[in-house]
$ cat start-v4.cif   # mmCIF, C-alpha atoms
data_structure
loop_
_atom_site.label_atom_id
_atom_site.label_comp_id
_atom_site.auth_asym_id
_atom_site.auth_seq_id
_atom_site.Cartn_x
_atom_site.Cartn_y
_atom_site.Cartn_z
CA MET A 1 45.55 -13.53 10.24
CA SER A 2 46.71 -15.71 13.08
CA HIS A 3 44.74 -18.74 14.12
CA VAL A 4 45.09 -20.96 17.15
CA GLY A 5 43.17 -24.18 16.98
CA GLU A 6 43.51 -27.49 18.76
CA GLY A 7 46.93 -27.77 20.33
CA GLY A 8 47.45 -23.99 20.07
CA ALA A 9 49.20 -23.74 23.43
CA GLY A 10 51.65 -26.43 22.38
CA GLY A 11 52.35 -24.55 19.17
CA ILE A 12 53.08 -21.40 21.11
CA GLU A 13 55.33 -23.37 23.45
CA ARG A 14 57.30 -24.76 20.51
CA LEU A 15 57.61 -21.31 19.07
CA LEU A 16 59.02 -19.89 22.29
CA ARG A 17 61.22 -22.81 23.18
CA TRP A 18 64.57 -21.84 21.71
CA ARG A 19 64.01 -18.59 19.82
CA PRO A 20 64.05 -15.10 21.35
CA ARG A 21 61.03 -13.01 20.64
CA PRO A 22 61.68 -9.90 18.53
CA GLY A 23 61.63 -6.56 20.29
CA GLY A 24 63.95 -4.86 22.73
CA TYR A 25 62.62 -5.97 26.10
CA ARG A 26 61.77 -9.57 25.21
CA THR A 27 65.07 -10.10 23.38
CA TRP A 28 67.45 -9.09 26.15
CA VAL A 29 65.34 -10.79 28.84
CA TRP A 30 65.48 -13.99 26.76
CA TRP A 31 69.29 -13.88 26.82
CA LEU A 32 69.62 -12.72 30.46
CA PRO A 33 69.53 -16.21 32.10
CA LEU A 34 72.38 -17.42 29.88
CA LEU A 35 74.31 -14.22 30.57
CA LEU A 36 73.96 -14.65 34.33
CA LEU A 37 74.98 -18.29 34.09
CA SER A 38 78.09 -17.35 32.12
CA VAL A 39 79.05 -14.47 34.41
CA ASP A 40 78.60 -16.56 37.54
CA LEU A 41 80.66 -19.42 36.09
CA VAL A 42 83.52 -17.12 35.02
CA VAL A 43 83.61 -15.26 38.35
CA ASP A 44 83.40 -18.46 40.41
CA LEU A 45 86.28 -20.06 38.49
CA ALA A 46 88.32 -16.87 38.80
CA LEU A 47 87.74 -16.83 42.56
CA LEU A 48 88.13 -20.56 43.00
CA HIS A 49 90.43 -20.15 45.98
CA SER A 50 88.08 -17.79 47.79
CA HIS A 51 86.24 -18.96 50.86
CA GLU A 52 82.72 -19.00 49.42
CA PRO A 53 81.45 -19.64 45.88
CA LEU A 54 79.06 -17.15 44.29
CA SER A 55 76.79 -19.83 42.91
CA PHE A 56 73.99 -18.80 45.30
CA LEU A 57 73.26 -16.07 42.72
CA LEU A 58 71.97 -18.79 40.41
CA VAL A 59 68.81 -19.08 42.53
CA GLY A 60 67.42 -16.09 40.63
CA VAL A 61 68.02 -17.50 37.13
CA PRO A 62 64.94 -19.82 36.79
CA PRO A 63 62.40 -17.01 37.38
CA LEU A 64 64.13 -14.95 34.69
CA ALA A 65 63.90 -17.90 32.32
CA ALA A 66 60.19 -18.30 33.08
CA ALA A 67 59.53 -14.77 31.79
CA THR A 68 60.29 -15.68 28.17
CA ARG A 69 61.03 -19.40 27.83
CA SER A 70 59.00 -22.58 27.61
CA PRO A 71 58.40 -24.81 30.67
CA ARG A 72 60.80 -27.43 29.31
CA HIS A 73 63.51 -24.86 28.71
CA THR A 74 62.95 -23.36 32.18
CA ALA A 75 63.27 -26.80 33.74
CA GLY A 76 66.51 -27.39 31.84
CA ILE A 77 67.96 -24.11 33.06
CA THR A 78 66.97 -25.03 36.62
CA VAL A 79 68.84 -28.34 36.33
CA VAL A 80 71.90 -26.51 34.95
CA CYS A 81 71.82 -24.03 37.83
CA LEU A 82 71.51 -26.80 40.39
CA GLY A 83 74.37 -28.71 38.78
CA LEU A 84 76.62 -25.63 38.76
CA GLU A 85 75.88 -24.98 42.42
CA ILE A 86 76.81 -28.55 43.35
CA TRP A 87 79.92 -28.53 41.15
CA MET A 88 81.20 -25.18 42.47
CA ALA A 89 80.68 -26.29 46.05
CA SER A 90 82.45 -29.61 45.44
CA LEU A 91 85.52 -27.78 44.07
CA ARG A 92 86.03 -26.31 47.53
CA PRO A 93 86.87 -28.95 50.13
CA GLY A 94 84.20 -29.41 52.79
CA HIS A 95 81.61 -27.16 51.13
CA PHE A 96 79.45 -29.69 49.29
CA ALA A 97 77.46 -30.94 52.29
CA GLU A 98 77.45 -27.79 54.40
CA PRO A 99 73.93 -26.93 55.62
CA HIS A 100 73.75 -23.53 53.89
CA HIS A 101 74.81 -25.09 50.58
CA VAL A 102 72.19 -27.80 50.98
CA ALA A 103 69.64 -25.05 51.65
CA ILE A 104 70.66 -23.32 48.41
CA TYR A 105 70.22 -26.60 46.48
CA ILE A 106 66.72 -27.06 47.93
CA ALA A 107 65.79 -23.40 47.32
CA THR A 108 66.95 -23.60 43.71
CA ALA A 109 64.93 -26.77 43.12
CA LEU A 110 61.77 -25.31 44.70
CA ILE A 111 62.12 -21.99 42.87
CA GLY A 112 62.76 -23.92 39.66
CA ILE A 113 59.55 -25.91 40.10
CA ALA A 114 57.60 -22.70 40.72
CA SER A 115 59.26 -21.11 37.68
CA VAL A 116 58.24 -24.02 35.46
CA ALA A 117 54.65 -23.58 36.65
CA LEU A 118 54.82 -19.84 35.93
CA SER A 119 56.25 -20.50 32.48
CA ARG A 120 53.44 -22.94 31.74
CA GLN A 121 50.87 -20.36 32.84
CA ARG A 122 52.53 -17.68 30.72
CA VAL A 123 52.46 -19.92 27.66
CA ARG A 124 48.77 -20.67 28.19
CA ALA A 125 48.01 -16.97 28.63
CA GLU A 126 49.87 -16.11 25.42
CA ALA A 127 47.98 -18.82 23.57
CA SER A 128 44.71 -17.37 24.88
CA LEU A 129 45.75 -13.90 23.74
CA VAL A 130 46.65 -15.17 20.28
CA HIS A 131 43.30 -16.93 20.07
CA ALA A 132 41.45 -13.81 21.24
CA ARG A 133 43.33 -11.75 18.67
CA SER A 134 42.36 -14.23 15.98
CA VAL A 135 38.70 -14.00 16.97
CA ALA A 136 38.91 -10.19 16.96
CA GLU A 137 40.51 -10.19 13.53
CA ALA A 138 37.84 -12.57 12.23
CA MET A 139 35.15 -10.27 13.64
CA GLN A 140 36.76 -7.27 11.98
CA MET A 141 36.92 -9.09 8.66
CA THR A 142 33.23 -9.92 9.04
CA LEU A 143 32.09 -6.47 10.13
CA LEU A 144 34.58 -4.25 8.33
CA ARG A 145 35.73 -5.87 5.14
CA PRO A 146 38.90 -4.75 3.34
CA PHE A 147 38.47 -1.75 1.09
CA PRO A 148 37.97 -2.90 -2.51
CA GLU A 149 40.20 -1.25 -5.08
CA ARG A 150 37.44 -1.15 -7.68
CA LEU A 151 33.68 -1.61 -7.82
CA GLY A 152 32.31 -1.27 -11.34
CA PRO A 153 33.23 2.21 -12.58
CA VAL A 154 34.31 3.37 -9.12
CA ARG A 155 37.88 3.17 -7.85
CA ALA A 156 38.22 3.34 -4.08
CA ALA A 157 40.80 3.57 -1.31
CA GLY A 158 40.46 3.97 2.41
CA PHE A 159 41.62 3.10 5.88
CA TYR A 160 40.02 2.33 9.21
CA GLU A 161 41.60 2.62 12.65
CA ALA A 162 39.96 1.99 16.02
CA GLY A 163 40.83 4.68 18.55
CA GLU A 164 41.00 2.45 21.61
CA ARG A 165 44.42 0.85 21.95
CA GLY A 166 44.46 -2.91 21.45
CA THR A 167 41.09 -3.08 19.68
CA LEU A 168 40.33 -3.71 16.03
CA VAL A 169 36.70 -2.61 15.83
CA GLY A 170 35.29 0.61 17.22
CA GLY A 171 32.29 2.84 16.64
CA ASP A 172 32.93 3.86 13.03
CA LEU A 173 31.50 1.87 10.13
CA TYR A 174 31.80 1.68 6.38
CA GLU A 175 30.75 -0.52 3.49
CA LEU A 176 30.98 -0.40 -0.29
CA CYS A 177 28.98 -2.70 -2.54
CA GLU A 178 27.93 -2.99 -6.18
CA THR A 179 24.16 -3.26 -6.58
CA PRO A 180 21.62 -3.26 -9.43
CA PHE A 181 21.16 0.46 -8.69
CA GLY A 182 24.85 1.29 -8.93
CA VAL A 183 27.72 1.37 -6.48
CA ARG A 184 26.51 2.25 -3.00
CA VAL A 185 28.60 3.40 -0.05
CA VAL A 186 27.86 4.05 3.60
CA LEU A 187 30.13 5.73 6.11
CA GLY A 188 28.98 6.31 9.66
CA ASP A 189 29.92 7.07 13.24
CA VAL A 190 28.09 5.51 16.20
CA ARG A 191 27.49 7.60 19.30
CA GLY A 192 29.56 6.21 22.13
CA LYS A 193 32.06 3.39 22.44
CA GLY A 194 32.31 -0.14 23.74
CA LEU A 195 30.17 -3.19 23.15
CA ASN A 196 26.95 -1.31 22.40
CA ALA A 197 28.72 0.67 19.68
CA VAL A 198 30.09 -2.51 18.11
CA GLN A 199 26.64 -4.12 18.24
CA THR A 200 25.20 -1.10 16.45
CA VAL A 201 27.94 -1.26 13.82
CA ALA A 202 27.03 -4.90 13.20
CA ALA A 203 23.30 -4.10 12.97
CA VAL A 204 23.71 -1.21 10.54
CA LEU A 205 26.21 -3.00 8.29
CA GLY A 206 24.12 -6.16 8.21
CA SER A 207 21.07 -4.17 7.21
CA PHE A 208 22.96 -2.16 4.58
CA ARG A 209 24.44 -5.25 2.93
CA VAL A 210 20.95 -6.64 2.41
CA SER A 211 18.87 -3.50 1.87
CA ALA A 212 21.29 -1.83 -0.54
CA HIS A 213 20.41 -4.54 -3.09
CA GLU A 214 16.65 -4.28 -2.53
CA TRP A 215 15.61 -0.63 -2.19
CA THR A 216 15.75 1.67 -5.19
CA ASP A 217 15.33 4.93 -3.29
CA LEU A 218 18.20 6.09 -1.06
CA SER A 219 15.77 7.66 1.41
CA ARG A 220 14.02 4.33 1.88
CA LEU A 221 17.39 2.65 2.27
CA ALA A 222 18.21 5.08 5.10
CA GLU A 223 14.89 4.21 6.74
CA ARG A 224 15.80 0.52 6.66
CA LEU A 225 19.08 1.31 8.39
CA GLU A 226 17.20 3.30 10.99
CA LEU A 227 14.91 0.34 11.59
CA SER A 228 17.92 -1.87 12.29
CA ILE A 229 19.10 0.59 14.96
CA ALA A 230 15.64 0.67 16.55
CA ARG A 231 15.59 -3.13 16.73
CA ASN A 232 19.08 -3.23 18.22
CA ALA A 233 18.14 -0.62 20.84
CA GLY A 234 15.19 -2.79 21.86
CA CYS A 235 17.43 -5.72 22.77
CA PRO A 236 17.97 -6.41 26.50
CA ALA A 237 21.57 -5.16 26.28
CA GLY A 238 20.70 -2.34 23.88
CA ASP A 239 21.03 1.41 24.35
CA ASP A 240 17.86 3.47 24.01
CA GLU A 241 19.92 6.58 23.16
CA LEU A 242 21.91 5.10 20.28
CA PHE A 243 22.21 7.07 17.06
CA VAL A 244 24.50 7.02 14.07
CA THR A 245 25.62 9.91 11.89
CA ALA A 246 25.97 8.60 8.36
CA LEU A 247 26.47 9.40 4.68
CA ILE A 248 24.92 7.14 2.05
CA LEU A 249 26.21 7.57 -1.48
CA GLU A 250 25.12 6.10 -4.80
CA PHE A 251 26.95 6.15 -8.13
CA PRO A 252 24.21 5.33 -10.68
CA PRO A 253 25.17 2.94 -13.47
CA GLY A 254 26.20 4.68 -16.69
CA GLY A 255 26.01 8.11 -15.08
CA ASP A 256 28.48 10.83 -14.28
CA SER A 257 27.02 11.84 -10.94
CA VAL A 258 26.78 10.94 -7.29
CA ARG A 259 23.64 10.93 -5.15
CA ILE A 260 23.95 11.60 -1.41
CA VAL A 261 21.79 11.16 1.67
CA ASP A 262 23.19 12.97 4.71
CA ARG A 263 22.03 11.82 8.13
CA GLY A 264 23.82 14.30 10.35
CA HIS A 265 27.36 13.54 9.17
CA PRO A 266 30.06 15.95 7.91
CA SER A 267 29.39 16.41 4.21
CA PRO A 268 31.86 14.99 1.67
CA LEU A 269 34.69 16.94 0.08
CA LEU A 270 35.19 17.09 -3.68
CA LEU A 271 38.72 17.44 -4.97
CA THR A 272 39.11 18.63 -8.55
CA PRO A 273 42.07 19.92 -10.58
CA HIS A 274 40.66 23.41 -9.93
CA GLY A 275 40.42 23.17 -6.15
CA THR A 276 38.72 21.53 -3.18
CA GLN A 277 35.18 22.22 -2.04
CA ARG A 278 32.59 20.83 0.32
CA LEU A 279 29.58 19.31 -1.42
CA ARG A 280 26.18 20.66 -0.54
CA THR A 281 23.93 18.14 1.20
CA ALA A 282 20.58 18.27 2.94
CA PRO A 283 21.46 17.15 6.48
CA GLY A 284 18.80 15.18 8.29
CA LEU A 285 18.69 13.80 11.80
CA PRO A 286 21.14 10.99 12.54
CA LEU A 287 19.97 7.42 12.09
CA GLY A 288 18.11 6.34 15.20
CA LEU A 289 16.48 9.74 15.85
CA GLY A 290 13.85 9.57 13.12
CA GLU A 291 11.04 9.33 15.67
CA LEU A 292 11.75 12.96 16.63
CA GLY A 293 9.97 14.08 13.46
CA LEU A 294 12.48 13.74 10.66
CA GLY A 295 10.04 13.77 7.78
CA SER A 296 11.27 13.01 4.27
CA VAL A 297 15.00 13.11 3.61
CA GLU A 298 16.24 14.99 0.57
CA VAL A 299 18.61 13.25 -1.81
CA THR A 300 21.13 15.64 -3.34
CA THR A 301 22.73 14.96 -6.74
CA HIS A 302 26.09 16.30 -7.91
CA PRO A 303 27.88 15.92 -11.24
CA LEU A 304 31.11 13.98 -11.02
CA ARG A 305 33.73 13.99 -13.75
CA THR A 306 36.45 11.45 -14.35
CA GLY A 307 39.52 12.33 -12.28
CA GLU A 308 37.59 14.12 -9.53
CA VAL A 309 37.74 12.52 -6.09
CA ILE A 310 35.14 12.45 -3.33
CA LEU A 311 36.48 12.18 0.23
CA LEU A 312 34.41 10.86 3.14
CA TYR A 313 35.70 10.87 6.70
CA THR A 314 34.55 10.53 10.31
CA ASP A 315 35.13 12.95 13.16
CA GLY A 316 38.23 11.08 14.27
CA VAL A 317 39.89 13.01 11.42
CA SER A 318 38.21 16.42 11.67
CA GLU A 319 38.35 16.51 15.48
CA ALA A 320 41.99 15.49 15.85
CA ARG A 321 43.67 18.18 17.99
CA ASN A 322 47.19 19.52 17.87
CA ALA A 323 49.27 20.67 20.84
CA GLY A 324 47.41 24.00 20.79
CA GLY A 325 44.00 22.33 20.97
CA GLU A 326 43.09 23.23 17.37
CA PHE A 327 40.99 20.85 15.30
CA TYR A 328 42.49 19.38 12.16
CA PRO A 329 41.41 21.65 9.25
CA VAL A 330 40.64 19.01 6.64
CA LEU A 331 39.66 21.34 3.81
CA ASP A 332 42.57 23.74 4.33
CA ARG A 333 45.18 20.98 4.56
CA LEU A 334 43.92 19.27 1.42
CA THR A 335 43.80 22.55 -0.46
CA ALA A 336 47.35 23.38 0.59
CA HIS A 337 48.67 19.97 -0.41
CA PHE A 338 46.74 19.24 -3.60
CA GLY A 339 45.66 22.73 -4.66
CA ASP A 340 48.77 23.57 -6.66
CA GLY A 341 47.72 21.13 -9.39
CA HIS A 342 51.09 19.38 -9.43
CA ARG A 343 49.92 16.30 -7.54
CA ALA A 344 47.62 13.73 -9.12
CA LEU A 345 44.23 13.33 -7.50
CA ASP A 346 44.64 9.66 -6.79
CA PRO A 347 42.48 7.98 -4.10
CA GLU A 348 45.42 6.03 -2.64
CA ALA A 349 47.63 9.12 -2.47
CA LEU A 350 44.81 11.15 -0.92
CA VAL A 351 44.12 8.56 1.78
CA SER A 352 47.82 8.16 2.55
CA PHE A 353 48.20 11.92 2.94
CA ILE A 354 45.22 12.22 5.29
CA ARG A 355 46.46 9.36 7.46
CA ALA A 356 50.02 10.64 7.75
CA ASP A 357 49.01 14.28 8.14
CA THR A 358 46.49 13.66 10.92
CA ASP A 359 49.03 11.47 12.74
CA GLU A 360 51.54 14.31 12.57
CA TRP A 361 48.93 16.90 13.58
CA SER A 362 47.27 15.14 16.51
CA THR A 363 48.59 14.71 20.03
CA GLY A 364 47.35 12.53 22.87
CA GLY A 365 44.55 10.00 22.47
CA LYS A 366 42.86 9.24 19.19
CA ASP A 367 39.26 8.63 18.22
CA ASP A 368 38.10 6.02 15.71
CA ARG A 369 39.04 7.07 12.18
CA ALA A 370 37.58 6.01 8.87
CA VAL A 371 38.41 7.61 5.51
CA ILE A 372 37.18 6.68 2.02
CA ALA A 373 38.26 8.27 -1.27
CA LEU A 374 36.20 7.52 -4.41
CA THR A 375 36.61 8.41 -8.07
CA LEU A 376 35.02 7.46 -11.38
CA THR A 377 37.14 5.79 -14.03
#
$ encode --input "start-v4.cif" --output "structure tokens"
Amino acid sequence: MSHVGEGGAGGIERLLRWRPRPGGYRTWVWWLPLLLLSVDLVVDLALLHSHEPLSFLLVGVPPLAAATRSPRHTAGITVVCLGLEIWMASLRPGHFAEPHHVAIYIATALIGIASVALSRQRVRAEASLVHARSVAEAMQMTLLRPFPERLGPVRAAGFYEAGERGTLVGGDLYELCETPFGVRVVLGDVRGKGLNAVQTVAAVLGSFRVSAHEWTDLSRLAERLELSIARNAGCPAGDDELFVTALILEFPPGGDSVRIVDRGHPSPLLLTPHGTQRLRTAPGLPLGLGELGLGSVEVTTHPLRTGEVILLYTDGVSEARNAGGEFYPVLDRLTAHFGDGHRALDPEALVSFIRADTDEWSTGGKDDRAVIALTLT
């Protein structure tokens, strides 16, 4: 993760000073000022006996340098351009002090000064972007921690991807933790996008990380998460219509089963050597809508054998559309890929397949995506 602390802008400036940035556009633009300088020098020397030098073209070099180079480097290129203009004019008798040549010298100097200022502003802006990216990455690491490979008897794999370009955190949430009551997992999807969605993600995850270690009953744990949403909605910047669809899972210690609370989320899939099926759950209202008369929430229990994999996902997967507008058929695609029994039911392989297959299937914009695969060892 990148960090920019005190003197960050200077560090960026040193980084950009003499080295081209990787990538097509930035690389050739970095070399363009030197290319123009070389071309102008060669052409001017080849046409030395012509009436006018072509060094007036060098006026446009400093702005090109400012697009990718440091202020010091831009200033150096400006000095080189000014020197070449003076030298080329002096090679032709009577040209050095002609008014239009003097005007070119002055224009190059003024444009060079402006280019240095633009380069300095660009460097500061890039430093600010790096710093903002660092803050965003730190926030993601705080809200959405990396997927652990193992928690007690549970092996896990997963991925998270925000749908909005350039953002790291969206409206999906997940957490896995080992508690006195077993390994507990939450996967959810916040209604809406933007800052309110991120605030709700923070509220729910903060509550889960504390309450998962304190409440024995999964239904009561879901109520604590609902309370966190109600408190967040009551804030001045809150949204009174916020709700979260969520699955809360528990793998009891020493047991061969999984317990599930479904709060309006797509139920998990179970992949076994004999096929893929959707687990039965007792869907309740999403978190945040309990005041509409939810009543008690049923906890469903399913046997889970070693080697079987449970897959949780958000609607960014199931609602991905292809060119024909068809939703991604999660169950059918998994059955077709893993149903022949020749591929191992490995959480990492399963998550990798889902990610690559939905990328290939979907067209256009993407929603937030979160996928977790879990198995007992």
$ residues_around --input "start-v4.cif" --residues "Ser318 in chain A" --least-positions-apart "5" --cutoff "12 Å" --atoms "all atoms listed in the file" --output "PyMOL selection string"
chain A and resi 265-268+312-313+326-333+354-355+357-359+361-362+366-371
$ closest_residue --input "start-v4.cif" --among "A:Ala125, A:Ala336, A:Leu350, A:Ala109" --to "Val309 in chain A" --atoms "all atoms listed in the file"
A:Leu350
$ residues_near_point --input "start-v4.cif" --point "(69.0, -24.8, 37.8)" --cutoff "8 Å" --atoms "only C-alpha atoms" --output "number ranges by chain"
A: 58-59, 61-62, 75-84, 108-109, 112
$ write_last_selection --input "start-v4.cif" --atoms "C-alpha atoms" --output "mmCIF file, in the frame of the given file"
data_model
loop_
_atom_site.group_PDB
_atom_site.id
_atom_site.type_symbol
_atom_site.label_atom_id
_atom_site.label_comp_id
_atom_site.auth_asym_id
_atom_site.auth_seq_id
_atom_site.Cartn_x
_atom_site.Cartn_y
_atom_site.Cartn_z
ATOM 1 C CA LEU A 58 71.970 -18.790 40.410
ATOM 2 C CA VAL A 59 68.810 -19.080 42.530
ATOM 3 C CA VAL A 61 68.020 -17.500 37.130
ATOM 4 C CA PRO A 62 64.940 -19.820 36.790
ATOM 5 C CA ALA A 75 63.270 -26.800 33.740
ATOM 6 C CA GLY A 76 66.510 -27.390 31.840
ATOM 7 C CA ILE A 77 67.960 -24.110 33.060
ATOM 8 C CA THR A 78 66.970 -25.030 36.620
ATOM 9 C CA VAL A 79 68.840 -28.340 36.330
ATOM 10 C CA VAL A 80 71.900 -26.510 34.950
ATOM 11 C CA CYS A 81 71.820 -24.030 37.830
ATOM 12 C CA LEU A 82 71.510 -26.800 40.390
ATOM 13 C CA GLY A 83 74.370 -28.710 38.780
ATOM 14 C CA LEU A 84 76.620 -25.630 38.760
ATOM 15 C CA THR A 108 66.950 -23.600 43.710
ATOM 16 C CA ALA A 109 64.930 -26.770 43.120
ATOM 17 C CA GLY A 112 62.760 -23.920 39.660
#
$ atom_distance --input "start-v4.cif" --atom1 "CA of Pro99 in chain A" --atom2 "CA of Phe56 in chain A"
13.1 Å
$ atom_distance --input "start-v4.cif" --atom1 "CA of Val261 in chain A" --atom2 "CA of Leu247 in chain A"
5.8 Å
$ resolve_selection --input "start-v4.cif" --expression "the PyMOL selection byres ((chain A and resi 140-153) around 8)" --output "PyMOL selection string"
chain A and resi 136-139+154-159+168-169+173-178+183+201-202+205+376-377
$ closest_residue --input "start-v4.cif" --among "A:Arg133, A:His213, A:Arg191, A:Arg120" --to "Thr74 in chain A" --atoms "only C-alpha atoms"
A:Arg120
$ atom_distance --input "start-v4.cif" --atom1 "CA of Ala117 in chain A" --atom2 "CA of Pro71 in chain A"
7.2 Å
$ closest_residue --input "start-v4.cif" --among "A:Met88, A:Ile372, A:Ala323, A:Thr179" --to "Val43 in chain A" --atoms "only C-alpha atoms"
A:Met88
$ resolve_selection --input "start-v4.cif" --expression "the PyMOL selection byres ((chain A and resi 212) around 12)" --output "ChimeraX atom specification"
/A:175-186,204-211,213-225,248-250
$ closest_residue --input "start-v4.cif" --among "A:Gly60, A:Gly254, A:Pro33, A:Gly170" --to "Leu304 in chain A" --atoms "all atoms listed in the file"
A:Gly254
$ axis_aligned_box --input "start-v4.cif" --around "range 34-39 of chain A" --padding-each-side "4 Å" --output "AutoDock Vina command-line options"
--center_x 75.7 --center_y -16.3 --center_z 32.1 --size_x 14.7 --size_y 12.1 --size_z 12.5
$ residues_around --input "start-v4.cif" --residues "Leu334 in chain A" --least-positions-apart "6" --cutoff "12 Å" --atoms "all atoms listed in the file" --output "MDAnalysis selection string"
chainID A and resid 269:272 275:278 309 311 328 340:341 343 345 349:355 357:358
$ write_last_selection --input "start-v4.cif" --atoms "C-alpha atoms" --output "JSON list (two decimals), in the coordinates of the input"
[["chain", "number", "residue", "atom", "x", "y", "z"],
["A", 269, "LEU", "CA", 34.69, 16.94, 0.08],
["A", 270, "LEU", "CA", 35.19, 17.09, -3.68],
["A", 271, "LEU", "CA", 38.72, 17.44, -4.97],
["A", 272, "THR", "CA", 39.11, 18.63, -8.55],
["A", 275, "GLY", "CA", 40.42, 23.17, -6.15],
["A", 276, "THR", "CA", 38.72, 21.53, -3.18],
["A", 277, "GLN", "CA", 35.18, 22.22, -2.04],
["A", 278, "ARG", "CA", 32.59, 20.83, 0.32],
["A", 309, "VAL", "CA", 37.74, 12.52, -6.09],
["A", 311, "LEU", "CA", 36.48, 12.18, 0.23],
["A", 328, "TYR", "CA", 42.49, 19.38, 12.16],
["A", 340, "ASP", "CA", 48.77, 23.57, -6.66],
["A", 341, "GLY", "CA", 47.72, 21.13, -9.39],
["A", 343, "ARG", "CA", 49.92, 16.30, -7.54],
["A", 345, "LEU", "CA", 44.23, 13.33, -7.50],
["A", 349, "ALA", "CA", 47.63, 9.12, -2.47],
["A", 350, "LEU", "CA", 44.81, 11.15, -0.92],
["A", 351, "VAL", "CA", 44.12, 8.56, 1.78],
["A", 352, "SER", "CA", 47.82, 8.16, 2.55],
["A", 353, "PHE", "CA", 48.20, 11.92, 2.94],
["A", 354, "ILE", "CA", 45.22, 12.22, 5.29],
["A", 355, "ARG", "CA", 46.46, 9.36, 7.46],
["A", 357, "ASP", "CA", 49.01, 14.28, 8.14],
["A", 358, "THR", "CA", 46.49, 13.66, 10.92]]
$ build_atoms --input "start-v4.cif" --residues "range 100-104 of chain A" --atoms "all heavy atoms" --output "PDB file, keeping the file's coordinate frame"
ATOM      1  N   HIS A 100      74.260 -24.674  54.682  1.00  0.00           N
ATOM      2  CA  HIS A 100      73.750 -23.530  53.890  1.00  0.00           C
ATOM      3  C   HIS A 100      73.820 -23.839  52.398  1.00  0.00           C
ATOM      4  O   HIS A 100      73.015 -23.330  51.618  1.00  0.00           O
ATOM      5  CB  HIS A 100      74.532 -22.259  54.229  1.00  0.00           C
ATOM      6  CG  HIS A 100      75.953 -22.246  53.787  1.00  0.00           C
ATOM      7  ND1 HIS A 100      76.960 -22.845  54.497  1.00  0.00           N
ATOM      8  CD2 HIS A 100      76.540 -21.686  52.682  1.00  0.00           C
ATOM      9  CE1 HIS A 100      78.114 -22.671  53.870  1.00  0.00           C
ATOM     10  NE2 HIS A 100      77.893 -21.977  52.771  1.00  0.00           N
ATOM     11  N   HIS A 101      74.783 -24.684  51.976  1.00  0.00           N
ATOM     12  CA  HIS A 101      74.810 -25.090  50.580  1.00  0.00           C
ATOM     13  C   HIS A 101      73.632 -26.011  50.252  1.00  0.00           C
ATOM     14  O   HIS A 101      73.019 -25.896  49.187  1.00  0.00           O
ATOM     15  CB  HIS A 101      76.140 -25.792  50.258  1.00  0.00           C
ATOM     16  CG  HIS A 101      77.281 -24.842  50.060  1.00  0.00           C
ATOM     17  ND1 HIS A 101      77.395 -24.021  48.978  1.00  0.00           N
ATOM     18  CD2 HIS A 101      78.369 -24.580  50.856  1.00  0.00           C
ATOM     19  CE1 HIS A 101      78.495 -23.296  49.077  1.00  0.00           C
ATOM     20  NE2 HIS A 101      79.102 -23.617  50.216  1.00  0.00           N
ATOM     21  N   VAL A 102      73.338 -26.917  51.174  1.00  0.00           N
ATOM     22  CA  VAL A 102      72.190 -27.800  50.980  1.00  0.00           C
ATOM     23  C   VAL A 102      70.904 -26.962  50.889  1.00  0.00           C
ATOM     24  O   VAL A 102      70.015 -27.242  50.071  1.00  0.00           O
ATOM     25  CB  VAL A 102      72.101 -28.830  52.117  1.00  0.00           C
ATOM     26  CG1 VAL A 102      70.812 -29.659  52.005  1.00  0.00           C
ATOM     27  CG2 VAL A 102      73.315 -29.752  52.122  1.00  0.00           C
ATOM     28  N   ALA A 103      70.815 -25.927  51.699  1.00  0.00           N
ATOM     29  CA  ALA A 103      69.640 -25.050  51.650  1.00  0.00           C
ATOM     30  C   ALA A 103      69.520 -24.351  50.301  1.00  0.00           C
ATOM     31  O   ALA A 103      68.425 -24.170  49.762  1.00  0.00           O
ATOM     32  CB  ALA A 103      69.718 -24.013  52.776  1.00  0.00           C
ATOM     33  N   ILE A 104      70.674 -23.960  49.728  1.00  0.00           N
ATOM     34  CA  ILE A 104      70.660 -23.320  48.410  1.00  0.00           C
ATOM     35  C   ILE A 104      70.191 -24.305  47.343  1.00  0.00           C
ATOM     36  O   ILE A 104      69.415 -23.960  46.439  1.00  0.00           O
ATOM     37  CB  ILE A 104      72.051 -22.762  48.079  1.00  0.00           C
ATOM     38  CG1 ILE A 104      72.369 -21.564  48.980  1.00  0.00           C
ATOM     39  CG2 ILE A 104      72.130 -22.348  46.610  1.00  0.00           C
ATOM     40  CD1 ILE A 104      73.764 -21.014  48.788  1.00  0.00           C
TER      41      ILE A 104
END
